[in-house]
Every structure is written in C-alpha cells, then in structure tokens.
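Next up, target_5.cif (mmCIF, C-alpha atoms and all ligand atoms):
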```
data_coords
#
loop_
_atom_site.group_PDB
_atom_site.id
_atom_site.type_symbol
_atom_site.label_atom_id
_atom_site.label_comp_id
_atom_site.auth_asym_id
_atom_site.auth_seq_id
_atom_site.Cartn_x
_atom_site.Cartn_y
_atom_site.Cartn_z
ATOM 1 C CA MET A 847 100.385 -9.713 35.591
ATOM 2 C CA TYR A 848 97.321 -8.820 37.552
ATOM 3 C CA LEU A 849 95.908 -7.037 34.515
ATOM 4 C CA ASN A 850 96.642 -9.999 32.296
ATOM 5 C CA ARG A 851 94.796 -12.322 34.612
ATOM 6 C CA LEU A 852 91.855 -9.961 34.823
ATOM 7 C CA MET A 853 91.660 -9.704 31.057
ATOM 8 C CA ALA A 854 91.835 -13.460 30.643
ATOM 9 C CA ARG A 855 89.003 -13.888 33.126
ATOM 10 C CA TYR A 856 86.672 -11.419 31.428
ATOM 11 C CA ARG A 857 87.691 -11.937 27.763
ATOM 12 C CA MET A 858 84.799 -14.187 26.933
ATOM 13 C CA ALA A 859 82.281 -11.948 28.714
ATOM 14 C CA GLY A 860 83.692 -8.968 26.770
ATOM 15 C CA ILE A 861 83.371 -10.712 23.431
ATOM 16 C CA VAL A 862 79.756 -11.673 24.154
ATOM 17 C CA ALA A 863 78.958 -8.103 25.298
ATOM 18 C CA ILE A 864 80.462 -6.583 22.130
ATOM 19 C CA ALA A 865 78.570 -9.069 19.948
ATOM 20 C CA LEU A 866 75.294 -8.219 21.673
ATOM 21 C CA LEU A 867 75.941 -4.479 21.305
ATOM 22 C CA ALA A 868 76.749 -4.885 17.605
ATOM 23 C CA GLY A 869 73.566 -6.899 17.074
ATOM 24 C CA ALA A 870 71.398 -4.305 18.825
ATOM 25 C CA ALA A 871 72.956 -1.476 16.844
ATOM 26 C CA GLY A 872 72.452 -3.367 13.544
ATOM 27 C CA SER A 873 68.807 -4.038 14.394
ATOM 28 C CA TRP A 874 68.260 -0.357 15.237
ATOM 29 C CA PHE A 875 69.828 0.787 11.965
ATOM 30 C CA TYR A 876 67.788 -1.767 10.012
ATOM 31 C CA THR A 877 64.481 -0.776 11.643
ATOM 32 C CA SER A 878 65.020 2.941 11.199
ATOM 33 C CA ALA A 879 65.985 2.391 7.542
ATOM 34 C CA GLN A 880 62.750 0.423 7.058
ATOM 35 C CA GLN A 881 60.742 3.208 8.629
ATOM 36 C CA ARG A 882 62.393 5.780 6.392
ATOM 37 C CA ARG A 883 61.343 3.740 3.341
ATOM 38 C CA GLN A 884 57.551 3.713 4.263
ATOM 39 C CA PRO A 885 55.395 6.184 2.335
ATOM 40 C CA ALA A 886 54.086 9.217 4.067
ATOM 41 C CA PRO A 887 50.533 8.766 5.392
ATOM 42 C CA ALA A 888 47.812 10.031 3.034
ATOM 43 C CA PRO A 889 46.515 13.468 3.908
ATOM 44 C CA VAL A 890 43.127 13.362 5.610
ATOM 45 C CA VAL A 891 40.284 14.780 3.445
ATOM 46 C CA THR A 892 37.353 16.078 5.369
ATOM 47 C CA PRO A 893 33.853 15.234 4.076
ATOM 48 C CA GLN A 894 33.388 18.915 3.187
ATOM 49 C CA GLU A 895 36.613 18.945 1.203
ATOM 50 C CA PHE A 896 35.594 15.713 -0.525
ATOM 51 C CA GLN A 897 32.232 17.236 -1.537
ATOM 52 C CA ARG A 898 34.054 20.248 -2.968
ATOM 53 C CA ILE A 899 36.456 18.090 -5.012
ATOM 54 C CA TYR A 900 33.581 15.805 -6.139
ATOM 55 C CA GLY A 901 31.583 18.851 -7.213
ATOM 56 C CA GLU A 902 34.504 20.209 -9.243
ATOM 57 C CA ALA A 903 35.081 16.796 -10.870
ATOM 58 C CA LYS A 904 31.375 16.584 -11.796
ATOM 59 C CA LYS A 905 31.515 20.076 -13.320
ATOM 60 C CA VAL A 906 34.306 19.109 -15.704
ATOM 61 C CA GLY A 907 32.750 15.741 -16.541
ATOM 62 C CA LEU A 908 35.161 13.486 -14.663
ATOM 63 C CA VAL A 909 32.296 11.970 -12.634
ATOM 64 C CA ILE A 910 29.061 10.634 -14.130
ATOM 65 C CA PRO A 911 26.387 10.948 -11.460
ATOM 66 C CA PRO A 912 23.873 8.089 -10.953
ATOM 67 C CA PHE A 913 20.477 8.402 -12.661
ATOM 68 C CA GLU A 914 18.091 10.219 -10.452
ATOM 69 C CA SER A 915 14.555 8.947 -9.897
ATOM 70 C CA PRO A 916 11.989 10.637 -12.179
ATOM 71 C CA ALA A 917 9.783 13.140 -10.404
ATOM 72 C CA THR A 918 6.496 11.371 -11.148
ATOM 73 C CA ALA A 919 5.474 8.000 -9.715
ATOM 74 C CA PRO A 920 4.292 5.184 -12.040
ATOM 75 C CA LYS A 921 0.506 5.190 -12.192
ATOM 76 C CA VAL A 922 -1.184 2.654 -9.951
ATOM 77 C CA VAL A 923 -3.171 0.071 -11.952
ATOM 78 C CA ALA A 924 -5.396 -2.598 -10.421
ATOM 79 C CA ALA A 925 -4.332 -6.045 -11.619
ATOM 80 C CA PRO A 926 -6.828 -8.276 -13.474
ATOM 81 C CA THR A 927 -9.222 -10.123 -11.192
ATOM 82 C CA SER A 928 -8.868 -13.278 -13.299
ATOM 83 C CA PRO A 929 -6.004 -14.571 -15.483
ATOM 84 C CA GLY A 930 -6.201 -12.865 -18.883
ATOM 85 C CA GLY A 931 -8.766 -10.384 -17.622
ATOM 86 C CA PRO A 932 -8.492 -6.635 -18.224
ATOM 87 C CA PRO A 933 -6.459 -4.548 -15.764
ATOM 88 C CA SER A 934 -8.136 -1.370 -14.494
ATOM 89 C CA ASP A 935 -6.643 0.900 -17.195
ATOM 90 C CA ALA A 936 -7.659 -1.272 -20.177
ATOM 91 C CA VAL A 937 -10.234 -0.310 -22.797
ATOM 92 C CA VAL A 938 -12.535 -3.301 -23.103
ATOM 93 C CA LEU A 939 -13.511 -3.847 -26.739
ATOM 94 C CA PHE A 940 -15.569 -6.985 -26.132
ATOM 95 C CA ASP A 941 -16.677 -8.287 -22.753
ATOM 96 C CA GLY A 942 -18.945 -11.062 -23.957
ATOM 97 C CA LYS A 943 -22.162 -9.045 -24.234
ATOM 98 C CA ASP A 944 -22.580 -7.262 -27.560
ATOM 99 C CA LEU A 945 -20.924 -5.614 -30.562
ATOM 100 C CA SER A 946 -21.692 -2.031 -29.545
ATOM 101 C CA ASN A 947 -17.963 -1.185 -29.763
ATOM 102 C CA TRP A 948 -17.654 -2.529 -33.324
ATOM 103 C CA SER A 949 -18.757 -1.587 -36.840
ATOM 104 C CA SER A 950 -18.941 -3.299 -40.191
ATOM 105 C CA VAL A 951 -15.975 -2.289 -42.359
ATOM 106 C CA ARG A 952 -18.032 -2.757 -45.500
ATOM 107 C CA THR A 953 -21.027 -0.586 -44.539
ATOM 108 C CA GLY A 954 -19.700 1.521 -41.687
ATOM 109 C CA GLY A 955 -22.886 0.507 -39.858
ATOM 110 C CA THR A 956 -23.629 -2.138 -37.254
ATOM 111 C CA ALA A 957 -21.285 -5.115 -37.056
ATOM 112 C CA GLU A 958 -23.264 -8.143 -38.136
ATOM 113 C CA TRP A 959 -21.284 -11.008 -36.645
ATOM 114 C CA ASP A 960 -23.007 -13.316 -34.166
ATOM 115 C CA VAL A 961 -22.695 -12.988 -30.401
ATOM 116 C CA THR A 962 -23.455 -16.196 -28.477
ATOM 117 C CA ASP A 963 -22.481 -17.475 -25.023
ATOM 118 C CA GLY A 964 -19.958 -14.699 -24.439
ATOM 119 C CA TYR A 965 -18.123 -14.891 -27.743
ATOM 120 C CA ILE A 966 -18.256 -13.307 -31.209
ATOM 121 C CA GLN A 967 -18.383 -15.586 -34.245
ATOM 122 C CA VAL A 968 -17.536 -14.574 -37.796
ATOM 123 C CA LYS A 969 -20.633 -14.378 -39.979
ATOM 124 C CA PRO A 970 -19.271 -15.318 -43.396
ATOM 125 C CA ARG A 971 -19.886 -12.905 -46.254
ATOM 126 C CA THR A 972 -20.772 -9.996 -43.967
ATOM 127 C CA GLY A 973 -17.196 -8.749 -44.164
ATOM 128 C CA ASP A 974 -14.613 -7.627 -41.650
ATOM 129 C CA ILE A 975 -15.482 -5.760 -38.459
ATOM 130 C CA ALA A 976 -13.480 -2.942 -36.847
ATOM 131 C CA SER A 977 -13.416 -1.465 -33.356
ATOM 132 C CA ASN A 978 -14.921 2.000 -32.989
ATOM 133 C CA TYR A 979 -12.084 2.850 -30.617
ATOM 134 C CA GLU A 980 -8.805 3.790 -32.353
ATOM 135 C CA PHE A 981 -5.277 3.493 -30.996
ATOM 136 C CA GLY A 982 -1.614 3.280 -31.993
ATOM 137 C CA ASP A 983 1.033 1.829 -29.682
ATOM 138 C CA CYS A 984 -0.691 -0.686 -27.453
ATOM 139 C CA GLN A 985 -0.865 -3.872 -25.472
ATOM 140 C CA LEU A 986 -3.640 -6.095 -26.788
ATOM 141 C CA HIS A 987 -5.228 -9.236 -25.364
ATOM 142 C CA ILE A 988 -7.550 -11.338 -27.508
ATOM 143 C CA GLU A 989 -8.776 -14.928 -27.362
ATOM 144 C CA TRP A 990 -9.845 -16.996 -30.340
ATOM 145 C CA ALA A 991 -10.906 -20.496 -31.352
ATOM 146 C CA THR A 992 -11.068 -22.163 -34.735
ATOM 147 C CA PRO A 993 -14.058 -24.455 -35.511
ATOM 148 C CA SER A 994 -14.006 -27.815 -33.729
ATOM 149 C CA THR A 995 -15.436 -29.374 -36.876
ATOM 150 C CA VAL A 996 -12.363 -29.484 -39.096
ATOM 151 C CA LYS A 997 -12.907 -28.759 -42.744
ATOM 152 C CA GLY A 998 -10.631 -27.518 -45.503
ATOM 153 C CA GLU A 999 -6.864 -27.396 -45.371
ATOM 154 C CA GLY A 1000 -3.975 -24.951 -45.430
ATOM 155 C CA GLN A 1001 -5.199 -21.368 -45.554
ATOM 156 C CA GLY A 1002 -8.756 -22.692 -45.938
ATOM 157 C CA ARG A 1003 -9.001 -24.082 -42.391
ATOM 158 C CA GLY A 1004 -10.073 -21.772 -39.565
ATOM 159 C CA ASN A 1005 -8.711 -18.633 -41.199
ATOM 160 C CA SER A 1006 -9.260 -15.166 -39.762
ATOM 161 C CA GLY A 1007 -6.899 -12.395 -38.726
ATOM 162 C CA ILE A 1008 -6.210 -9.606 -36.300
ATOM 163 C CA PHE A 1009 -5.238 -6.392 -38.070
ATOM 164 C CA LEU A 1010 -3.521 -3.727 -35.964
ATOM 165 C CA MET A 1011 -4.472 -0.265 -37.228
ATOM 166 C CA GLU A 1012 -6.565 -2.153 -39.835
ATOM 167 C CA ARG A 1013 -3.359 -2.918 -41.773
ATOM 168 C CA TYR A 1014 -0.877 -5.187 -40.045
ATOM 169 C CA GLU A 1015 -2.104 -8.761 -39.687
ATOM 170 C CA VAL A 1016 -1.343 -11.270 -36.988
ATOM 171 C CA GLN A 1017 -2.652 -14.430 -38.621
ATOM 172 C CA VAL A 1018 -5.393 -16.544 -37.067
ATOM 173 C CA LEU A 1019 -5.497 -20.048 -38.519
ATOM 174 C CA ASP A 1020 -6.098 -23.636 -37.484
ATOM 175 C CA SER A 1021 -2.416 -24.592 -37.476
ATOM 176 C CA TRP A 1022 -2.973 -27.827 -35.555
ATOM 177 C CA GLN A 1023 -1.497 -30.458 -37.884
ATOM 178 C CA ASN A 1024 -2.350 -28.291 -40.859
ATOM 179 C CA PRO A 1025 0.695 -27.442 -42.957
ATOM 180 C CA THR A 1026 0.820 -24.220 -44.945
ATOM 181 C CA TYR A 1027 3.538 -21.710 -45.849
ATOM 182 C CA PHE A 1028 5.324 -20.851 -42.622
ATOM 183 C CA HIS A 1029 4.832 -17.089 -42.746
ATOM 184 C CA GLY A 1030 1.122 -17.711 -43.134
ATOM 185 C CA GLN A 1031 0.472 -20.089 -40.238
ATOM 186 C CA ALA A 1032 -1.131 -19.092 -36.931
ATOM 187 C CA ALA A 1033 0.749 -16.325 -35.074
ATOM 188 C CA SER A 1034 2.698 -15.312 -38.173
ATOM 189 C CA ILE A 1035 2.918 -11.682 -39.167
ATOM 190 C CA TYR A 1036 1.220 -12.598 -42.382
ATOM 191 C CA LYS A 1037 3.641 -13.044 -45.309
ATOM 192 C CA GLN A 1038 6.395 -11.334 -43.278
ATOM 193 C CA HIS A 1039 7.450 -13.364 -40.233
ATOM 194 C CA PRO A 1040 6.689 -16.995 -39.295
ATOM 195 C CA PRO A 1041 6.182 -17.611 -35.564
ATOM 196 C CA LEU A 1042 9.248 -18.779 -33.625
ATOM 197 C CA VAL A 1043 7.331 -21.938 -32.660
ATOM 198 C CA ASN A 1044 3.937 -23.457 -33.417
ATOM 199 C CA VAL A 1045 2.054 -23.558 -30.114
ATOM 200 C CA THR A 1046 -1.424 -23.853 -31.637
ATOM 201 C CA ARG A 1047 -4.067 -25.703 -29.641
ATOM 202 C CA LYS A 1048 -6.481 -28.229 -31.092
ATOM 203 C CA PRO A 1049 -9.441 -27.008 -33.161
ATOM 204 C CA GLY A 1050 -12.257 -25.723 -30.966
ATOM 205 C CA GLU A 1051 -10.008 -24.944 -27.992
ATOM 206 C CA TRP A 1052 -9.641 -21.355 -26.797
ATOM 207 C CA GLN A 1053 -6.270 -19.739 -27.463
ATOM 208 C CA THR A 1054 -4.751 -16.424 -26.408
ATOM 209 C CA TYR A 1055 -2.719 -13.744 -28.092
ATOM 210 C CA ASP A 1056 -0.970 -11.116 -25.999
ATOM 211 C CA ILE A 1057 0.454 -8.523 -28.329
ATOM 212 C CA VAL A 1058 2.697 -5.498 -27.838
ATOM 213 C CA PHE A 1059 2.560 -3.228 -30.855
ATOM 214 C CA THR A 1060 4.563 -0.120 -31.713
ATOM 215 C CA ALA A 1061 3.058 1.822 -34.606
ATOM 216 C CA PRO A 1062 5.271 2.952 -37.498
ATOM 217 C CA ARG A 1063 6.251 6.621 -37.630
ATOM 218 C CA PHE A 1064 5.999 8.699 -40.781
ATOM 219 C CA ASP A 1065 7.622 11.994 -41.691
ATOM 220 C CA THR A 1066 5.670 14.882 -43.182
ATOM 221 C CA MET A 1067 6.289 13.504 -46.683
ATOM 222 C CA GLY A 1068 4.671 10.200 -45.725
ATOM 223 C CA LYS A 1069 7.898 8.204 -45.621
ATOM 224 C CA ALA A 1070 8.145 5.573 -42.871
ATOM 225 C CA VAL A 1071 11.060 6.785 -40.747
ATOM 226 C CA GLU A 1072 10.525 4.071 -38.146
ATOM 227 C CA ASN A 1073 9.004 0.697 -38.959
ATOM 228 C CA GLY A 1074 6.257 -0.690 -36.769
ATOM 229 C CA ARG A 1075 7.305 -3.388 -34.297
ATOM 230 C CA ILE A 1076 5.405 -6.278 -32.794
ATOM 231 C CA THR A 1077 5.761 -8.862 -30.056
ATOM 232 C CA VAL A 1078 3.280 -11.742 -29.890
ATOM 233 C CA ILE A 1079 2.798 -14.244 -27.070
ATOM 234 C CA HIS A 1080 0.617 -17.156 -28.186
ATOM 235 C CA ASN A 1081 -0.890 -19.291 -25.408
ATOM 236 C CA GLY A 1082 1.734 -17.876 -23.031
ATOM 237 C CA VAL A 1083 4.675 -18.609 -25.359
ATOM 238 C CA LEU A 1084 6.756 -15.958 -27.128
ATOM 239 C CA VAL A 1085 6.346 -16.380 -30.886
ATOM 240 C CA GLN A 1086 7.240 -12.934 -32.282
ATOM 241 C CA ASN A 1087 10.044 -11.105 -30.477
ATOM 242 C CA ASN A 1088 9.781 -7.401 -31.256
ATOM 243 C CA VAL A 1089 10.056 -7.990 -35.003
ATOM 244 C CA GLY A 1090 9.989 -5.166 -37.529
ATOM 245 C CA ILE A 1091 6.888 -4.837 -39.680
ATOM 246 C CA HIS A 1092 7.782 -4.271 -43.336
ATOM 247 C CA GLY A 1093 4.545 -2.536 -44.280
ATOM 248 C CA ASN A 1094 0.882 -3.199 -45.007
ATOM 249 C CA THR A 1095 -0.242 -6.825 -45.146
ATOM 250 C CA TRP A 1096 -1.109 -8.175 -48.575
ATOM 251 C CA HIS A 1097 -1.384 -11.742 -49.792
ATOM 252 C CA ASP A 1098 -0.385 -11.070 -53.387
ATOM 253 C CA ARG A 1099 2.503 -8.558 -53.214
ATOM 254 C CA SER A 1100 5.383 -7.444 -51.067
ATOM 255 C CA PRO A 1101 4.534 -5.356 -48.033
ATOM 256 C CA TYR A 1102 5.113 -1.626 -48.156
ATOM 257 C CA TYR A 1103 3.976 1.298 -46.089
ATOM 258 C CA ILE A 1104 1.220 3.718 -46.899
ATOM 259 C CA ALA A 1105 1.319 6.645 -44.489
ATOM 260 C CA HIS A 1106 -1.481 6.920 -41.979
ATOM 261 C CA GLY A 1107 -2.338 8.747 -38.792
ATOM 262 C CA PRO A 1108 -1.199 7.860 -35.291
ATOM 263 C CA ARG A 1109 -4.337 5.856 -34.446
ATOM 264 C CA GLY A 1110 -6.431 3.200 -36.155
ATOM 265 C CA SER A 1111 -9.060 0.544 -35.411
ATOM 266 C CA LEU A 1112 -8.524 -3.075 -34.600
ATOM 267 C CA LYS A 1113 -9.912 -5.123 -37.498
ATOM 268 C CA LEU A 1114 -11.038 -8.751 -37.379
ATOM 269 C CA GLN A 1115 -11.117 -10.642 -40.660
ATOM 270 C CA ASP A 1116 -14.019 -12.458 -42.279
ATOM 271 C CA HIS A 1117 -12.210 -15.135 -44.250
ATOM 272 C CA GLY A 1118 -15.343 -17.276 -44.539
ATOM 273 C CA ASP A 1119 -14.607 -19.563 -41.570
ATOM 274 C CA LEU A 1120 -16.560 -19.748 -38.304
ATOM 275 C CA VAL A 1121 -13.762 -18.441 -36.071
ATOM 276 C CA ARG A 1122 -14.693 -17.192 -32.591
ATOM 277 C CA PHE A 1123 -13.287 -14.342 -30.482
ATOM 278 C CA ARG A 1124 -13.757 -13.317 -26.862
ATOM 279 C CA ASN A 1125 -12.218 -11.254 -24.031
ATOM 280 C CA ILE A 1126 -10.730 -8.456 -26.147
ATOM 281 C CA TRP A 1127 -9.075 -5.547 -24.363
ATOM 282 C CA VAL A 1128 -6.414 -3.042 -25.189
ATOM 283 C CA ARG A 1129 -4.119 -0.719 -23.237
ATOM 284 C CA PRO A 1130 -2.985 2.230 -25.332
ATOM 285 C CA LEU A 1131 0.679 2.939 -24.594
HETATM 286 MG MG MG A 1201 -6.004 -14.338 -42.149
#
```
Turn the structure described in the file into structure tokens.
Amino acid sequence: MYLNRLMARYRMAGIVAIALLAGAAGSWFYTSAQQRRQPAPAPVVTPQEFQRIYGEAKKVGLVIPPFESPATAPKVVAAPTSPGGPPSDAVVLFDGKDLSNWSSVRTGGTAEWDVTDGYIQVKPRTGDIASNYEFGDCQLHIEWATPSTVKGEGQGRGNSGIFLMERYEVQVLDSWQNPTYFHGQAASIYKQHPPLVNVTRKPGEWQTYDIVFTAPRFDTMGKAVENGRITVIHNGVLVQNNVGIHGNTWHDRSPYYIAHGPRGSLKLQDHGDLVRFRNIWVRPL
C-alpha cells in the first residue's frame, strides 16, 4: 500500500523525467550523426608546398603564367610643345623655312615649289616633289589647305596628293560641297577606299592629316606577302581605319603591287592647283 501511494505521488514526475532523458539522448544522437556527416577538414598546404605543386603544374602546362614585363623600358619622348607640333623623336620634313629636305621628282634637283609665310605652295607644271628622307612604317603629320578662291569642280578643284613611299596616295582635294567619285574625294585612299566620313573644311582653311602607315612586305620573288595598311585621321576624325592597300595608286587601272625596298620618299603631287602644305613631320616606326 505504501509503495502504491509512493508510486502514485511520483508517477507524473517520473514520466516527465523519462521524457526529458529521451529528448536529451535523441538530441545527442542527432548531433553526433550530423558531425559524422561533415567532410574532413582540407589538409593544410604550406606556402613552400604550394610553390612546389605550382612549379610542377607549370612544367606540364597546366598553368599559364602571366606575361612578364619586357626587359627594356619604352623610350622617353618629349611631347609636342604645341598641338600638332613634332614630338622630340620626329624627323621634321618641313618646318616653315625652306625646301632643303625636298627634291624635284622630275629633275632630281632642287624642289621648285614656292615657300611663303611658313607654307609650301604647289608651283604648277614644275612637277611633284619628294622628301630626301626615306622611310617605311611611320606616323606622319601634315597640314594642307586648298585655294580659298574656288575654281573648277570635281577632281579639278584643289587637287593634290600625299604619296607614301611615292606610290600610295592619300587624296588631297577640295571636298567642301564638291561632289566627285567617293573613292577619289579628300582623305580617300585614291581609287581604293572612300573616307568613312567627309570632314573637309572650307576652301582656304588649314586641315590636318595624321596618318599611320604600315608598308607592304614582299618575298624574295617580289610577291606582296603582306599588304600595306593605313589609318588616316582627318581634322581629328578617323576616316580610314587600318584599311588594306591593294597596290600602287593609278587613276586609269586597278591597283597592283610592284615590289620595292623597305623605305621610300614622301611625295607631294603637282596636280596643277595652288594647294598649300605646312608642318610636315614623320616618326619612322
Ligand atoms: Mg590627287
């Protein structure tokens, strides 16, 4: 009887105690099962070990190392002192004074064009002039102006030309409201590529060409294995974007290459019009 009474008194407490014990045991089993499921921690690799593995991977081509800096520093060049002026490494072909750096293409003697007020002007019927200095790949700056007195039309108005290596013409023309065939207007690669846009200034106004030229390459048999390429910026605007040159410039037939050496003169064209040039400099590349 006594036992029965005791059991009755503590039955509820016993049930609660057993429930708590069961809960604690379940939680322990659950937690330890979770822990057993976690992956093993990654092994620690020392920096030395990493270098060794990296070196092995590089050896068998599994790792491509970053480009290393070249050993030689880019040459220091003094920037132009005025916009459009020559930087310190440029060869100045005309600085406004005289034609001592130029010759007549026709005679091989003195260039006969006129020099006035810091510019050269075409002297019609004396023929083209060419720089005494020869170069291939280059950056070229040249300024030009067509006559302010407009006369003629199409190809007959303010026509001249800038011939790289005496062969490949960047057209100079008064293309201000002066229609002509598109691959013959100002800033065209004559009869090959029209300019991307027409950014020609009015007649008489000074205009700029900044040109990057890559000369064609020929094999020993005289075949062009790489075409020449040219980029032209006219008055600060891109008009020829690294276009391929198809060969020598002609007005009456398709262009084709005739092998030549790695350097040539810069030729300016006498097309009979009073076109002016100034501030001509080149950086051989
Ligand atoms: Mg021309």
Per residue of chain A within 8 Å of ligand MG 1201 (chain A), note the shortest atom pair and the distance in Å to one decimal, counting only C-alpha atoms and all ligand atoms, and order the rows by chain and increasing residue number, as JSON lines.
```
{"residue": "A:Gln1001", "atom": "CA", "partner": "A:MG1201", "partner_atom": "MG", "distance": 7.9}
{"residue": "A:Asn1005", "atom": "CA", "partner": "A:MG1201", "partner_atom": "MG", "distance": 5.2}
{"residue": "A:Ser1006", "atom": "CA", "partner": "A:MG1201", "partner_atom": "MG", "distance": 4.1}
{"residue": "A:Gly1007", "atom": "CA", "partner": "A:MG1201", "partner_atom": "MG", "distance": 4.0}
{"residue": "A:Ile1008", "atom": "CA", "partner": "A:MG1201", "partner_atom": "MG", "distance": 7.5}
{"residue": "A:Glu1015", "atom": "CA", "partner": "A:MG1201", "partner_atom": "MG", "distance": 7.2}
{"residue": "A:Val1016", "atom": "CA", "partner": "A:MG1201", "partner_atom": "MG", "distance": 7.6}
{"residue": "A:Gln1017", "atom": "CA", "partner": "A:MG1201", "partner_atom": "MG", "distance": 4.9}
{"residue": "A:Val1018", "atom": "CA", "partner": "A:MG1201", "partner_atom": "MG", "distance": 5.6}
{"residue": "A:Leu1019", "atom": "CA", "partner": "A:MG1201", "partner_atom": "MG", "distance": 6.8}
{"residue": "A:Gly1030", "atom": "CA", "partner": "A:MG1201", "partner_atom": "MG", "distance": 7.9}
{"residue": "A:Tyr1036", "atom": "CA", "partner": "A:MG1201", "partner_atom": "MG", "distance": 7.4}
{"residue": "A:Gln1115", "atom": "CA", "partner": "A:MG1201", "partner_atom": "MG", "distance": 6.5}
{"residue": "A:His1117", "atom": "CA", "partner": "A:MG1201", "partner_atom": "MG", "distance": 6.6}
```
message: At a cut-off of 12 Å, using all atoms listed in the file, what residues contact region 1102-1110 of chain A? Leave out same-chain residues fewer than 4 positions from it and give the result as a VMD selection string.
response: chain A and resid 976 to 984 1009 to 1014 1037 to 1038 1059 to 1074 1091 to 1096 1130 to 1131
task: May I have the residues within 7 Å of Ile1079 (chain A) as JSON, numbers by chain, using all atoms listed in the file and disregarding those fewer than 3 positions away in the same chain?
output: {"A": [1055, 1056, 1057, 1082, 1083, 1084, 1085, 1086]}
- prompt: Mind pulling up the distance from CA of Ile975 (chain A) to CA of Leu945 (chain A)?
  reply: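 Separation between CA of Leu945 (chain A) and CA of Ile975 (chain A): 9.6 Å.
As for CA of Ser915 (chain A) and CA of Thr1077 (chain A), they are spaced 28.3 Å apart.
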message: Env of region 919-935 of chain A: 8 Å cut, atoms = only C-alpha atoms, seq-sep filter 4 positions within chain, self excluded. Answer as a PyMOL selection string.
response: chain A and resi 987+1125+1127+1129
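Nearest-residue note for Thr962 (chain A): choosing from A:Asp1119, A:Asp941, A:Glu1051, A:Glu999, the minimum distance belongs to A:Asp941, counting only C-alpha atoms.
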query: Separation of CA of Ser994 (chain A) and CA of Asp963 (chain A), in Å?
result: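 We find that CA of Ser994 (chain A) and CA of Asp963 (chain A) lie 16.0 Å from each other.
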- prompt: Expanded to explicit residues, what is the PyMOL selection byres (((chain A and resi 966) around 9) and not hetatm) for this file, as an NGL selection string?
  reply: :A and (940 or 942 or 944-945 or 959-965 or 967-968 or 1121-1124)
